[in-house]
Every structure is written in structure tokens, then in C-alpha cells.
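For reference, work20.cif (mmCIF, C-alpha atoms and all ligand atoms):
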data_structure
loop_
_atom_site.label_atom_id
_atom_site.label_comp_id
_atom_site.auth_asym_id
_atom_site.auth_seq_id
_atom_site.Cartn_x
_atom_site.Cartn_y
_atom_site.Cartn_z
CA MET A 19 67.87 -89.87 -85.05
CA TYR A 20 70.00 -92.27 -83.03
CA SER A 21 68.36 -95.51 -84.12
CA PRO A 22 69.71 -95.65 -87.73
CA PHE A 23 73.13 -94.60 -86.43
CA GLN A 24 72.92 -97.26 -83.72
CA LYS A 25 72.28 -99.94 -86.36
CA HIS A 26 75.22 -98.62 -88.35
CA LEU A 27 77.51 -98.87 -85.31
CA GLN A 28 76.24 -102.32 -84.42
CA LYS A 29 77.07 -103.46 -87.95
CA ASP A 30 80.59 -102.04 -87.68
CA LEU A 31 81.11 -103.74 -84.33
CA LYS A 32 79.88 -107.05 -85.75
CA GLU A 33 82.33 -106.76 -88.63
CA ILE A 34 85.21 -106.08 -86.24
CA ARG A 35 84.25 -109.18 -84.23
CA GLU A 36 83.86 -111.35 -87.32
CA ALA A 37 87.26 -110.28 -88.64
CA GLY A 38 88.76 -111.46 -85.33
CA LEU A 39 89.97 -107.92 -84.60
CA TYR A 40 87.83 -107.16 -81.56
CA LYS A 41 90.05 -106.08 -78.69
CA GLU A 42 89.08 -107.34 -75.26
CA GLU A 43 90.59 -105.71 -72.19
CA ARG A 44 92.02 -107.78 -69.39
CA ILE A 45 91.43 -106.35 -65.96
CA ILE A 46 94.41 -106.16 -63.62
CA THR A 47 93.71 -105.82 -59.90
CA SER A 48 97.29 -105.21 -58.74
CA PRO A 49 99.91 -102.54 -59.49
CA GLN A 50 101.59 -102.87 -62.88
CA SER A 51 104.63 -105.10 -62.40
CA SER A 52 106.52 -108.14 -63.63
CA SER A 53 103.97 -110.20 -61.74
CA ILE A 54 100.34 -109.06 -61.75
CA THR A 55 96.93 -110.24 -60.56
CA VAL A 56 94.30 -110.93 -63.20
CA LYS A 57 91.01 -112.65 -62.30
CA ASN A 58 92.43 -113.44 -58.86
CA LYS A 59 95.31 -115.29 -60.47
CA GLN A 60 98.97 -114.35 -60.24
CA VAL A 61 100.54 -114.20 -63.72
CA LEU A 62 103.90 -113.12 -65.12
CA ASN A 63 103.67 -110.03 -67.28
CA PHE A 64 105.63 -109.95 -70.52
CA CYS A 65 103.54 -107.41 -72.41
CA ALA A 66 103.99 -104.13 -70.56
CA ASN A 67 106.26 -101.27 -71.67
CA ASN A 68 107.57 -101.26 -68.11
CA TYR A 69 111.12 -101.69 -69.43
CA LEU A 70 112.95 -100.52 -66.32
CA GLY A 71 110.43 -101.72 -63.78
CA LEU A 72 109.65 -98.16 -62.67
CA SER A 73 105.84 -98.38 -62.92
CA ASN A 74 105.57 -99.14 -59.23
CA HIS A 75 109.07 -98.25 -58.06
CA PRO A 76 109.17 -97.11 -54.40
CA GLN A 77 111.20 -93.99 -55.20
CA LEU A 78 108.75 -92.84 -57.86
CA VAL A 79 105.76 -93.58 -55.64
CA LYS A 80 107.40 -91.63 -52.81
CA ALA A 81 108.17 -88.65 -55.05
CA ALA A 82 104.58 -88.66 -56.32
CA GLU A 83 103.18 -88.87 -52.78
CA GLU A 84 105.30 -85.97 -51.58
CA ALA A 85 104.32 -83.82 -54.55
CA LEU A 86 100.68 -84.74 -54.07
CA ARG A 87 100.84 -83.47 -50.49
CA GLN A 88 102.97 -80.40 -51.20
CA ARG A 89 101.67 -79.32 -54.62
CA GLY A 90 98.17 -80.76 -54.74
CA TYR A 91 96.42 -82.97 -57.21
CA GLY A 92 95.80 -81.05 -60.42
CA MET A 93 96.83 -77.88 -62.25
CA SER A 94 93.42 -76.87 -63.69
CA SER A 95 95.17 -74.96 -66.44
CA VAL A 96 97.20 -75.14 -69.57
CA ARG A 97 100.87 -74.28 -69.17
CA PHE A 98 100.85 -70.69 -70.43
CA ILE A 99 97.89 -69.47 -68.35
CA CYS A 100 98.69 -70.79 -64.86
CA GLY A 101 99.67 -74.42 -65.31
CA THR A 102 103.43 -74.29 -64.82
CA GLN A 103 105.01 -75.17 -61.49
CA ASP A 104 108.72 -75.30 -60.76
CA LEU A 105 108.33 -79.08 -61.02
CA HIS A 106 107.38 -78.83 -64.70
CA LYS A 107 110.40 -76.68 -65.48
CA GLU A 108 112.65 -78.98 -63.46
CA LEU A 109 111.39 -82.03 -65.34
CA GLU A 110 112.00 -80.30 -68.67
CA ASN A 111 115.55 -79.46 -67.66
CA THR A 112 116.12 -82.99 -66.38
CA ILE A 113 114.99 -84.45 -69.72
CA SER A 114 117.28 -82.09 -71.66
CA LYS A 115 120.20 -83.17 -69.50
CA PHE A 116 119.36 -86.85 -69.97
CA PHE A 117 119.38 -86.60 -73.78
CA GLY A 118 122.07 -83.92 -74.08
CA THR A 119 119.66 -81.58 -75.83
CA GLU A 120 119.12 -77.82 -75.58
CA ASP A 121 115.54 -77.60 -74.33
CA THR A 122 112.41 -79.67 -73.70
CA ILE A 123 108.66 -79.10 -73.81
CA LEU A 124 106.21 -81.36 -71.97
CA TYR A 125 102.91 -82.64 -73.32
CA ALA A 126 100.12 -84.75 -71.84
CA SER A 127 101.39 -87.64 -73.97
CA CYS A 128 103.79 -88.47 -76.77
CA PHE A 129 100.73 -88.81 -78.95
CA ASP A 130 100.22 -85.08 -78.34
CA ALA A 131 103.92 -84.30 -78.79
CA ASN A 132 103.84 -85.92 -82.24
CA GLY A 133 100.43 -84.47 -83.04
CA GLY A 134 101.64 -80.98 -82.26
CA ILE A 135 105.10 -80.91 -83.79
CA PHE A 136 104.80 -80.67 -87.57
CA GLU A 137 102.09 -78.10 -88.17
CA PRO A 138 103.78 -75.25 -86.25
CA LEU A 139 107.21 -75.85 -87.78
CA LEU A 140 106.63 -76.66 -91.46
CA ASN A 141 104.35 -75.56 -94.27
CA ARG A 142 103.55 -76.45 -97.89
CA GLU A 143 106.99 -75.36 -99.05
CA ASP A 144 108.60 -78.10 -96.93
CA ALA A 145 108.93 -81.88 -96.99
CA ILE A 146 108.35 -84.53 -94.32
CA ILE A 147 109.96 -87.86 -95.13
CA SER A 148 108.54 -90.56 -92.92
CA ASP A 149 109.29 -94.25 -92.31
CA ALA A 150 106.36 -96.43 -93.39
CA LEU A 151 106.20 -98.11 -89.98
CA ASN A 152 106.15 -94.94 -87.90
CA HIS A 153 103.74 -94.73 -84.98
CA ALA A 154 100.11 -93.72 -85.57
CA SER A 155 100.66 -90.42 -83.74
CA ILE A 156 103.37 -89.40 -86.24
CA ILE A 157 101.06 -90.28 -89.12
CA ASP A 158 98.29 -88.18 -87.58
CA GLY A 159 100.65 -85.30 -86.84
CA VAL A 160 101.87 -85.30 -90.44
CA ARG A 161 98.26 -85.21 -91.64
CA LEU A 162 97.70 -81.98 -89.75
CA CYS A 163 100.59 -80.29 -91.54
CA LYS A 164 100.58 -78.90 -95.06
CA ALA A 165 104.11 -80.03 -95.89
CA GLN A 166 104.69 -82.40 -98.85
CA ARG A 167 104.69 -86.00 -97.64
CA TYR A 168 107.13 -88.71 -98.61
CA ARG A 169 107.14 -92.24 -97.25
CA TYR A 170 109.98 -94.75 -97.37
CA ALA A 171 109.86 -98.50 -96.68
CA ASN A 172 110.84 -99.44 -93.13
CA ALA A 173 114.51 -98.63 -92.50
CA ASP A 174 115.15 -98.82 -96.26
CA MET A 175 117.98 -96.39 -96.91
CA ALA A 176 117.86 -96.66 -100.70
CA ASP A 177 114.20 -95.70 -100.59
CA LEU A 178 114.92 -92.86 -98.15
CA GLU A 179 117.61 -91.56 -100.50
CA LYS A 180 115.13 -91.59 -103.39
CA CYS A 181 112.67 -89.55 -101.32
CA LEU A 182 115.41 -87.08 -100.36
CA GLN A 183 116.32 -86.62 -104.00
CA GLN A 184 112.69 -85.99 -104.92
CA ALA A 185 112.36 -83.49 -102.08
CA GLN A 186 115.35 -81.35 -103.07
CA GLN A 187 113.05 -78.65 -104.46
CA GLN A 188 111.42 -78.07 -101.11
CA ARG A 189 112.58 -75.38 -98.68
CA PHE A 190 113.25 -77.60 -95.63
CA ARG A 191 113.33 -81.39 -95.33
CA LEU A 192 112.60 -83.33 -92.13
CA ILE A 193 113.22 -87.08 -91.91
CA VAL A 194 111.05 -88.70 -89.24
CA THR A 195 111.55 -92.14 -87.73
CA ASP A 196 110.65 -94.21 -84.70
CA GLY A 197 113.79 -95.07 -82.71
CA VAL A 198 112.63 -98.66 -82.13
CA PHE A 199 109.88 -100.21 -84.21
CA SER A 200 107.50 -101.88 -81.83
CA MET A 201 106.58 -104.98 -83.82
CA ASP A 202 110.09 -106.24 -84.67
CA GLY A 203 112.16 -104.52 -82.00
CA ASN A 204 114.61 -103.25 -84.61
CA VAL A 205 116.35 -99.91 -84.16
CA ALA A 206 116.21 -97.29 -86.92
CA PRO A 207 119.62 -97.11 -88.67
CA LEU A 208 120.20 -93.61 -87.35
CA ASP A 209 123.86 -93.49 -88.40
CA LYS A 210 122.86 -93.95 -92.02
CA ILE A 211 119.81 -91.71 -91.74
CA TYR A 212 121.97 -88.98 -90.26
CA ALA A 213 124.58 -89.36 -93.02
CA LEU A 214 121.89 -89.11 -95.71
CA ALA A 215 120.40 -86.09 -93.94
CA ARG A 216 123.82 -84.41 -94.10
CA GLN A 217 124.26 -85.32 -97.74
CA TYR A 218 120.81 -84.09 -98.80
CA ASP A 219 120.49 -81.15 -96.44
CA ALA A 220 117.71 -82.49 -94.22
CA MET A 221 116.90 -82.44 -90.51
CA VAL A 222 116.12 -85.52 -88.42
CA MET A 223 113.45 -86.30 -85.87
CA VAL A 224 113.43 -89.53 -83.84
CA ASP A 225 110.52 -90.74 -81.70
CA GLU A 226 112.32 -92.37 -78.79
CA SER A 227 109.21 -93.80 -77.09
CA HIS A 228 110.37 -97.45 -77.18
CA SER A 229 114.10 -96.66 -77.25
CA ALA A 230 114.66 -94.10 -74.49
CA GLY A 231 115.56 -95.89 -71.29
CA VAL A 232 116.25 -99.04 -73.30
CA VAL A 233 118.69 -98.53 -76.16
CA GLY A 234 122.32 -97.50 -75.67
CA ASN A 235 124.60 -98.57 -72.82
CA THR A 236 123.08 -96.02 -70.46
CA GLY A 237 119.61 -95.98 -72.02
CA ARG A 238 119.89 -92.55 -73.62
CA GLY A 239 118.30 -93.97 -76.74
CA THR A 240 119.26 -94.23 -80.38
CA THR A 241 121.44 -91.12 -80.33
CA GLU A 242 123.62 -92.77 -77.68
CA LEU A 243 123.73 -96.06 -79.59
CA TYR A 244 125.04 -94.31 -82.70
CA GLY A 245 127.23 -91.71 -81.01
CA LEU A 246 124.95 -88.86 -82.10
CA LYS A 247 123.98 -87.42 -78.72
CA GLY A 248 122.83 -83.82 -79.16
CA GLN A 249 123.20 -84.02 -82.95
CA VAL A 250 119.65 -84.85 -83.97
CA GLU A 251 117.43 -81.77 -84.26
CA ILE A 252 114.26 -83.20 -82.69
CA LEU A 253 113.48 -86.09 -80.34
CA THR A 254 110.07 -86.98 -79.00
CA GLY A 255 109.36 -89.43 -76.22
CA THR A 256 106.95 -90.64 -73.58
CA LEU A 257 106.89 -90.87 -69.81
CA GLY A 258 104.37 -93.66 -70.33
CA LYS A 259 106.85 -96.45 -71.03
CA ALA A 260 110.31 -96.85 -69.47
CA PHE A 261 110.15 -93.74 -67.27
CA GLY A 262 107.45 -94.76 -64.82
CA GLY A 263 104.67 -95.53 -67.22
CA ALA A 264 102.08 -93.07 -65.89
CA ILE A 265 101.37 -90.39 -68.47
CA GLY A 266 103.14 -87.55 -70.23
CA GLY A 267 105.24 -86.93 -73.30
CA PHE A 268 107.88 -84.52 -74.50
CA THR A 269 109.70 -82.98 -77.41
CA THR A 270 113.35 -82.25 -76.81
CA GLY A 271 116.00 -80.79 -79.11
CA LYS A 272 117.02 -77.45 -80.58
CA LYS A 273 116.00 -74.53 -78.40
CA GLU A 274 114.31 -72.49 -81.13
CA VAL A 275 112.19 -75.50 -82.06
CA VAL A 276 111.03 -75.89 -78.47
CA GLU A 277 110.50 -72.15 -78.08
CA LEU A 278 108.28 -72.00 -81.15
CA LEU A 279 106.31 -75.05 -80.03
CA ARG A 280 105.52 -73.27 -76.74
CA GLN A 281 104.01 -70.46 -78.83
CA ARG A 282 102.19 -72.45 -81.48
CA SER A 283 101.82 -76.16 -80.72
CA ARG A 284 98.11 -76.80 -80.33
CA PRO A 285 98.13 -79.80 -77.93
CA TYR A 286 100.41 -77.73 -75.66
CA LEU A 287 98.39 -74.54 -75.88
CA PHE A 288 94.95 -76.10 -75.61
CA SER A 289 95.34 -79.11 -73.32
CA ASN A 290 95.94 -79.39 -69.60
CA SER A 291 99.26 -79.43 -67.80
CA ILE A 292 100.46 -82.78 -66.39
CA PRO A 293 99.77 -83.22 -62.64
CA PRO A 294 102.53 -82.18 -60.20
CA MET A 295 102.91 -85.74 -58.89
CA VAL A 296 103.59 -87.00 -62.40
CA ALA A 297 106.21 -84.30 -62.93
CA ALA A 298 107.83 -85.13 -59.57
CA ALA A 299 107.88 -88.87 -60.24
CA GLY A 300 109.30 -88.18 -63.71
CA ILE A 301 112.16 -86.20 -62.17
CA ALA A 302 112.75 -89.06 -59.71
CA ALA A 303 112.87 -91.56 -62.59
CA PHE A 304 115.52 -89.64 -64.55
CA ASN A 305 117.53 -88.99 -61.37
CA LEU A 306 117.45 -92.68 -60.53
CA LEU A 307 118.88 -93.49 -63.98
CA ASP A 308 121.52 -90.80 -63.58
CA ARG A 309 122.89 -92.27 -60.36
CA ASP A 310 123.97 -95.66 -61.66
CA ASN A 311 123.44 -98.05 -64.54
CA LEU A 312 122.02 -101.00 -62.59
CA LEU A 313 118.59 -101.03 -64.24
CA GLN A 314 120.00 -100.64 -67.74
CA ASP A 315 122.52 -103.40 -67.17
CA LYS A 316 119.84 -105.68 -65.79
CA LEU A 317 117.51 -105.00 -68.72
CA HIS A 318 120.22 -105.67 -71.27
CA GLY A 319 121.32 -108.82 -69.42
CA ASN A 320 117.74 -110.07 -69.17
CA THR A 321 117.10 -109.48 -72.87
CA SER A 322 120.26 -111.30 -74.01
CA TYR A 323 119.50 -114.17 -71.65
CA PHE A 324 115.95 -114.54 -72.92
CA VAL A 325 116.88 -114.38 -76.60
CA GLN A 326 119.74 -116.84 -76.19
CA LYS A 327 117.73 -119.41 -74.23
CA MET A 328 114.81 -119.17 -76.64
CA GLN A 329 117.07 -119.64 -79.65
CA GLU A 330 118.73 -122.61 -77.98
CA ALA A 331 115.27 -124.09 -77.47
CA GLY A 332 114.71 -123.81 -81.22
CA PHE A 333 112.50 -120.73 -81.44
CA ASP A 334 112.78 -118.28 -84.29
CA ILE A 335 113.38 -114.84 -82.74
CA LYS A 336 113.63 -111.71 -84.88
CA PRO A 337 117.00 -110.04 -84.39
CA THR A 338 116.31 -107.42 -81.72
CA GLN A 339 118.25 -104.38 -80.56
CA SER A 340 115.71 -103.43 -77.91
CA ALA A 341 113.68 -105.10 -75.16
CA ILE A 342 111.09 -106.29 -77.68
CA CYS A 343 111.46 -109.93 -78.70
CA ALA A 344 109.28 -111.15 -81.57
CA VAL A 345 108.86 -114.92 -81.41
CA MET A 346 107.96 -115.76 -85.00
CA LEU A 347 105.18 -118.29 -85.62
CA TYR A 348 104.13 -116.96 -89.07
CA ASP A 349 100.64 -118.53 -88.98
CA ALA A 350 97.92 -116.27 -87.48
CA ARG A 351 95.84 -119.07 -85.98
CA LEU A 352 98.91 -120.71 -84.46
CA ALA A 353 99.99 -117.41 -82.89
CA GLN A 354 96.56 -116.92 -81.38
CA GLU A 355 96.44 -120.46 -80.01
CA PHE A 356 100.01 -120.20 -78.71
CA ALA A 357 99.31 -116.96 -76.85
CA ALA A 358 96.11 -118.40 -75.34
CA SER A 359 97.99 -121.50 -74.11
CA LEU A 360 100.72 -119.34 -72.61
CA GLN A 361 98.10 -117.41 -70.69
CA GLU A 362 96.82 -120.66 -69.25
CA GLU A 363 100.39 -121.30 -68.14
CA GLY A 364 100.34 -117.93 -66.37
CA ILE A 365 102.44 -116.05 -68.93
CA TYR A 366 101.00 -112.81 -70.24
CA VAL A 367 102.12 -112.06 -73.80
CA THR A 368 100.39 -110.73 -76.90
CA GLY A 369 99.97 -112.45 -80.24
CA PHE A 370 100.03 -110.20 -83.29
CA SER A 371 98.87 -111.03 -86.78
CA TYR A 372 97.67 -109.25 -89.91
CA PRO A 373 96.84 -106.33 -90.21
CA VAL A 374 99.12 -105.27 -87.31
CA VAL A 375 102.04 -107.14 -88.90
CA PRO A 376 102.38 -108.28 -92.56
CA LYS A 377 100.40 -111.33 -93.73
CA GLY A 378 102.19 -114.59 -92.92
CA GLU A 379 104.34 -112.96 -90.22
CA ALA A 380 102.24 -113.67 -87.15
CA ARG A 381 104.18 -113.69 -83.93
CA ILE A 382 104.14 -113.42 -80.17
CA ARG A 383 105.71 -110.28 -78.82
CA VAL A 384 107.59 -110.63 -75.56
CA GLN A 385 108.67 -107.48 -73.75
CA ILE A 386 111.51 -107.85 -71.31
CA SER A 387 111.91 -105.67 -68.22
CA ALA A 388 114.59 -104.95 -65.66
CA ALA A 389 111.89 -105.95 -63.17
CA HIS A 390 111.99 -109.56 -64.34
CA GLU A 391 113.97 -111.88 -62.11
CA LEU A 392 115.91 -114.73 -63.67
CA ARG A 393 113.46 -117.33 -62.38
CA GLN A 394 110.59 -115.41 -64.00
CA LEU A 395 112.43 -115.43 -67.32
CA ASP A 396 113.03 -119.16 -66.85
CA ASP A 397 109.34 -119.73 -66.10
CA CYS A 398 108.45 -117.88 -69.29
CA ILE A 399 110.96 -119.84 -71.40
CA GLN A 400 109.76 -123.11 -69.86
CA ALA A 401 106.14 -122.28 -70.70
CA PHE A 402 107.15 -121.40 -74.27
CA CYS A 403 108.92 -124.76 -74.58
CA LYS A 404 105.97 -126.70 -73.17
CA VAL A 405 103.44 -125.04 -75.48
CA GLY A 406 105.92 -125.06 -78.37
CA LYS A 407 106.23 -128.85 -78.14
CA GLU A 408 102.48 -129.34 -77.78
CA LEU A 409 101.86 -127.24 -80.87
CA LYS A 410 104.82 -128.75 -82.72
CA VAL A 411 106.61 -125.44 -83.15
CA ILE A 412 109.79 -126.90 -81.68
CA GLN A 413 111.08 -130.48 -81.53
CA ASN A 414 110.64 -132.69 -78.51
CA GLY A 415 114.06 -133.11 -77.09
C1 LIG B 501 103.74 -95.38 -77.20
C2 LIG B 501 104.17 -94.53 -78.31
C3 LIG B 501 103.66 -93.24 -78.48
C4 LIG B 501 102.54 -92.70 -77.64
O1 LIG B 501 102.99 -92.37 -76.36
P1 LIG B 501 101.93 -91.89 -75.28
O2 LIG B 501 102.71 -91.06 -74.35
O3 LIG B 501 101.34 -93.12 -74.67
O4 LIG B 501 100.89 -91.10 -76.02
C5 LIG B 501 104.17 -92.46 -79.51
N1 LIG B 501 105.13 -92.93 -80.33
C6 LIG B 501 105.63 -94.17 -80.21
C7 LIG B 501 106.70 -94.62 -81.14
C8 LIG B 501 105.16 -95.01 -79.20
O5 LIG B 501 105.65 -96.24 -79.09
#

What would you get if you wrote out this structure as C-alpha cells?
Ligand SMILES: *Cc1c(COP(=O)(O)O)cnc(C)c1O
Amino acid sequence: MYSPFQKHLQKDLKEIREAGLYKEERIITSPQSSSITVKNKQVLNFCANNYLGLSNHPQLVKAAEEALRQRGYGMSSVRFICGTQDLHKELENTISKFFGTEDTILYASCFDANGGIFEPLLNREDAIISDALNHASIIDGVRLCKAQRYRYANADMADLEKCLQQAQQQRFRLIVTDGVFSMDGNVAPLDKIYALARQYDAMVMVDESHSAGVVGNTGRGTTELYGLKGQVEILTGTLGKAFGGAIGGFTTGKKEVVELLRQRSRPYLFSNSIPPMVAAAGIAAFNLLDRDNLLQDKLHGNTSYFVQKMQEAGFDIKPTQSAICAVMLYDARLAQEFAASLQEEGIYVTGFSYPVVPKGEARIRVQISAAHELRQLDDCIQAFCKVGKELKVIQNG
């Protein structure tokens, strides 16, 4: 039985390779950080979601170690059977406080949070109105729900309004958007989305995975940026990016929403509880951010510095409101070659081209972190300039 299937898979794999879409994994032999070891070589990392440099922060490691010793390694249960420790409740409360929301429910990942949110809350009488560039986990979550689906072009408010008008017959309407879109680094226009939601009687959900810890003066995400803290009905987010980068996700917002999810959300009911050490390190991460604004300030300073220096050097950077900087090269082959040359210079970045981004919009994505020191940013900019001149992207000068 396997042999015809094997041939079928081998053909698929060959096609992926031939299309240039085969993803190779690079093996890191150090902790995740601004500087990492790959193939025994020290390189600067500009492609992690380690926005605040917490992935290997001593206070998070210490909190995890202590919890490991005091609360053990695993929970061996889902939350509602015997998988809830005080640490899980404390982390949920800490997240609610951070976002100014009423209650929070933890998941094993934000992929699970998004996968488990729509189906319990909405049915075929309702409407989900989703940004075309929303994360794969939102798309999958929507697929699991019987609500009517509407899709609007990325951050296009005229298109969103059209969808809202079409959805007026439905019982409830939920607008869903990523807070930051990961390919351009643009923030969803939440002020306008919220105004339209008011006008057309809809609720709003924002996935803050790339925006929490990054956007807003104190990193509280898009609701802080737009002065809407506590106003948006539903936020989802991850512990896998700015907040330590290990694992874990959450939905936070209105208390009845969270209460119902605890009763009916399938990834919560049927998947294991996060380990105590992850909960403890998560609490430590949010507490660290509560104490002062040093990491936020450093991240914002680093991002402005990088963008400004790169623009001065003649690079075309997409306007960013996050820690994602898209260096536009437009041509797919050029982007690939550019990224490969940067790696030889010891700079880890990722090139993206079609189908991940639109045709003719190939780019290199640079992700800035509070862990980057100024000289590391300078090294990165210098490498960009060197390769940029070699490949005639910028002028010699
Ligand atoms: C990374 C990401 C996720 C998935 O988060 P995990 O916790 O890694 O599953 C979901 N949504 C968005 C917008 C993301 O960027």
C-alpha cells in the first residue's frame, strides 16, 4: 500500500524543490539571542521574533528553573481535569492586567487560540469579516466555524465597510484582524476599524502576536497605540514571540467570551496544559515589562535607528510601525542572492518572495530586537551596504 503513496509524496516533494519553495532548516547550537552560533560560526540574528530579547533573559530562565524544581516538569492533563496550577491562573490574571482586559484563557499556542475561538462563539446566523492578510491560524479557525465569511483587502477600510453593509442581515458580526501584518510590518488601522464596528454594530478581534510587547509606548499593543485599551472585545496573542518565545498562547477580552471558551473551545478542552515553568517564566516576562519601560524604549530606539540609517544609505524600506523592517528589492532572484550574501557576512535575515508576498514585491525582512546593541545594528547596516553596492541596489558613494 505504501509504495504508490510514497511515489506520490516524492513527486510532491520534487515539485516543491523545483518551484524553489523547499524550506531548509538552519541548526542553531546556542541559545536564541541577538548573536547565535550556526555551523560553529557566530552570526548576528535579525530574523527571530525575540523582540524584547527575553528568549534567554536571566530573570525568565531563573523563574523557569524555580518552577521546574518546585512544580515539576509537566502537567499530564488538560486544564479542566487536573491541569491547572496556581501559576496558570496567575499568568492569566497577569495577562488581563497587561492588556486592561476582563479575563484571559491560556492555550498551548496562539495557533490553538485562533483555532478554538470562532466555532464556540458564532454559528451560521453570524458573520466573520476577516482581513485578507490574516494569519493562517485565523483562516483555519474561521474554516471550522459555520458563520458566513467575508474577506476584505488588507487594511482597506472601504472594502471592510462594504463587507459590513453586506453582513447587516446576520445576527452578530465579528471583524478580525492581525495587529501587525508580518510581511510589511504595518499596523491594522484599529481606530478606523473600531469606528466602522460602532457604525455597523460589529465586534472586533485583534491578533496581537506581532504587536503585543512591540506596538504602543509601553508595548501593550494596538489597543494602546490607538487609545482603545479594554475597548476591543477579543484579543489573541502568543507567548512565543516578544514574551520569552517559548510556547503558549492566549485569548483575552470580555469575561463571558473567556468563560464560554473554557467550556467549549476544543484546543483548550482536548489539548494539554502548558508546563509550570512556561507559566512561571511568562509571569516573570510580564512583571519585567510592568516595572519599567527600558526594553520598549530600547526596541523603539533601535528600530528608528535602523530604518533611518538604511534609508540614508539609499535602501527602500516599507513604512513600518512595528519591529519588522521590509527592505524592498522587488526581484525574487535578487532578494534570494542578497539574503545569501548577507549570511556570508554573518547577518541572519530572511528573503521573501512570491507566493509569500505579492509577485514583484520580493524583499528581505529584518526583525529588530531590544537585545540588539548599537554596534550589532551598525554591523548589519554595513553588511547591507556592502552587498547592496555589489549587487547594484544602492549607489557607490
Ligand atoms: C506567530 C503567530 C501566531 C501563532 O502563534 P504560536 O503561538 O506560535 O502558535 C498566530 N497569529 C499570528 C498573527 C502570528 O504572528

Counting all atoms listed in the file, which residue out of A:Glu108, A:Asp209, A:Asp219, A:Asp396 sits closest to Thr241 of chain A?
A:Asp209

Sorted by chain and rising residue number, which residues of chain A lie within 9 Å of ligand LIG 501 (chain B), and what are their closest atom pairs and distances in Å to one decimal, counting all atoms listed in the file, as a Markdown table?
| residue | atom | partner | partner_atom | distance |
| --- | --- | --- | --- | --- |
| A:Asn67 | CA | B:LIG501 | C1 | 8.5 |
| A:Tyr125 | CA | B:LIG501 | O2 | 8.5 |
| A:Ala126 | CA | B:LIG501 | O2 | 7.3 |
| A:Ser127 | CA | B:LIG501 | O2 | 3.7 |
| A:Cys128 | CA | B:LIG501 | O2 | 3.7 |
| A:Phe129 | CA | B:LIG501 | O4 | 3.7 |
| A:Asp130 | CA | B:LIG501 | O4 | 6.5 |
| A:Ala131 | CA | B:LIG501 | O4 | 7.9 |
| A:Asn132 | CA | B:LIG501 | C5 | 7.1 |
| A:Asn152 | CA | B:LIG501 | C7 | 6.8 |
| A:His153 | CA | B:LIG501 | C7 | 4.8 |
| A:Ala154 | CA | B:LIG501 | N1 | 7.3 |
| A:Ser155 | CA | B:LIG501 | C5 | 5.9 |
| A:Ile156 | CA | B:LIG501 | N1 | 7.1 |
| A:Thr195 | CA | B:LIG501 | C7 | 8.5 |
| A:Asp196 | CA | B:LIG501 | C7 | 5.3 |
| A:Gly197 | CA | B:LIG501 | C7 | 7.3 |
| A:Val198 | CA | B:LIG501 | C7 | 7.2 |
| A:Phe199 | CA | B:LIG501 | C7 | 7.1 |
| A:Ser200 | CA | B:LIG501 | O5 | 6.5 |
| A:Val224 | CA | B:LIG501 | C7 | 8.9 |
| A:Asp225 | CA | B:LIG501 | C7 | 5.5 |
| A:Glu226 | CA | B:LIG501 | C7 | 6.5 |
| A:Ser227 | CA | B:LIG501 | C8 | 4.7 |
| A:His228 | CA | B:LIG501 | O5 | 5.2 |
| A:Ser229 | CA | B:LIG501 | C7 | 8.6 |
| A:Thr254 | CA | B:LIG501 | N1 | 7.8 |
| A:Gly255 | CA | B:LIG501 | C5 | 6.9 |
| A:Thr256 | CA | B:LIG501 | O2 | 4.3 |
| A:Leu257 | CA | B:LIG501 | O2 | 6.2 |
| A:Gly258 | CA | B:LIG501 | O2 | 5.1 |
| A:Lys259 | CA | B:LIG501 | C1 | 7.0 |
| A:Gly263 | CA | B:LIG501 | O3 | 8.5 |
| A:Ala264 | CA | B:LIG501 | O2 | 8.7 |
| A:Ile265 | CA | B:LIG501 | O2 | 6.1 |
| A:Gly266 | CA | B:LIG501 | O2 | 5.4 |
| A:Gly267 | CA | B:LIG501 | O2 | 5.0 |
| A:Phe268 | CA | B:LIG501 | O2 | 8.3 |

For segment 52-54 of chain A, list every protein, DNA or RNA residue within 8 Å, evaluated using only C-alpha atoms, and leave out those in the same chain fewer than 2 positions away; present the list as a list in words.
Ile46, Thr47, Ser48, Pro49, Gln50, Val56, Gln60, Val61, Leu62, Asn63, Phe64, Gly71, Ser387, Ala389 and His390 of chain A

Could the residues in this selection be written to a file with C-alpha atoms, as a CSV table (one decimal), in the coordinates of the input?
chain,number,residue,atom,x,y,z
A,46,ILE,CA,94.4,-106.2,-63.6
A,47,THR,CA,93.7,-105.8,-59.9
A,48,SER,CA,97.3,-105.2,-58.7
A,49,PRO,CA,99.9,-102.5,-59.5
A,50,GLN,CA,101.6,-102.9,-62.9
A,56,VAL,CA,94.3,-110.9,-63.2
A,60,GLN,CA,99.0,-114.4,-60.2
A,61,VAL,CA,100.5,-114.2,-63.7
A,62,LEU,CA,103.9,-113.1,-65.1
A,63,ASN,CA,103.7,-110.0,-67.3
A,64,PHE,CA,105.6,-110.0,-70.5
A,71,GLY,CA,110.4,-101.7,-63.8
A,387,SER,CA,111.9,-105.7,-68.2
A,389,ALA,CA,111.9,-106.0,-63.2
A,390,HIS,CA,112.0,-109.6,-64.3

Could you pull the residues within 8 Å of Leu279 of chain A, counting all atoms listed in the file, minus those fewer than 2 positions along the same chain, as a PyMOL selection string?
chain A and resi 123+134-135+138-139+275-277+281-283+286

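Restricting the calculation to only C-alpha atoms, the smallest distance between Tyr212 of chain A and any of A:Arg87, A:Arg97, A:Lys247, A:Arg383 is found for A:Lys247.
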
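Across the structure, atom CA of Ser95 of chain A and atom CA of Met223 of chain A are spaced 29.0 Å apart.
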
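Taking atom CA of Lys273 of chain A as the reference point, atom CA of Thr112 of chain A is found at 14.7 Å.
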
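Closest approach to Glu179 of chain A from the set A:Ile211, A:Leu192, A:Val96, A:Val222 is made by A:Ile211, with distances taken over only C-alpha atoms.
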
Provide an axis-aligned box for all listed atoms of segment 297-316 of chain A, padding each side by 8 Å; report its centre and its edge lengths in Å to one decimal, as JSON.
{"center_x": 115.1, "center_y": -95.0, "center_z": -63.7, "size_x": 33.8, "size_y": 37.4, "size_z": 24.2}

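Compared by their closest atoms to Gly369 of chain A, and using only C-alpha atoms, the residues A:Cys65, A:Ala206, A:Ile113, A:Met93 rank with A:Cys65 nearest.
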
Using atom CA of Ala297 of chain A and atom CA of Leu109 of chain A as the two end points, give the distance in Å to one decimal.
6.1 Å

Find the residues near Ala173 of chain A: any atom within 7 Å, counting only C-alpha atoms, skip ones fewer than 2 places away on the same chain, and give them as a PyMOL selection string.
chain A and resi 149+171+175+206-207

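Distance check against Arg167 of chain A using only C-alpha atoms: of A:Arg381, A:Lys57, A:Arg191, A:Arg309, the minimum falls on A:Arg191.
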
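Of the residues under consideration (A:Cys343, A:Tyr244, A:Arg351, A:Gly237), A:Gly237 shows the shortest atom-to-atom contact distance to Asp310 of chain A when counting all atoms listed in the file.
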
Give me, as an MDAnalysis selection string, all polymer residues having an atom no more than 12 Å from Gln329 of chain A, counting all atoms listed in the file and skipping those fewer than 4 positions away in the same chain.
chainID A and resid 322:325 333:337 343:346 399 402:403 412

Long-range neighbours of Ala81 of chain A as a PyMOL selection string, 7 Å cut-off, all atoms listed in the file, 2 positions minimum in chain:
chain A and resi 77-79+83-85+298-299+302
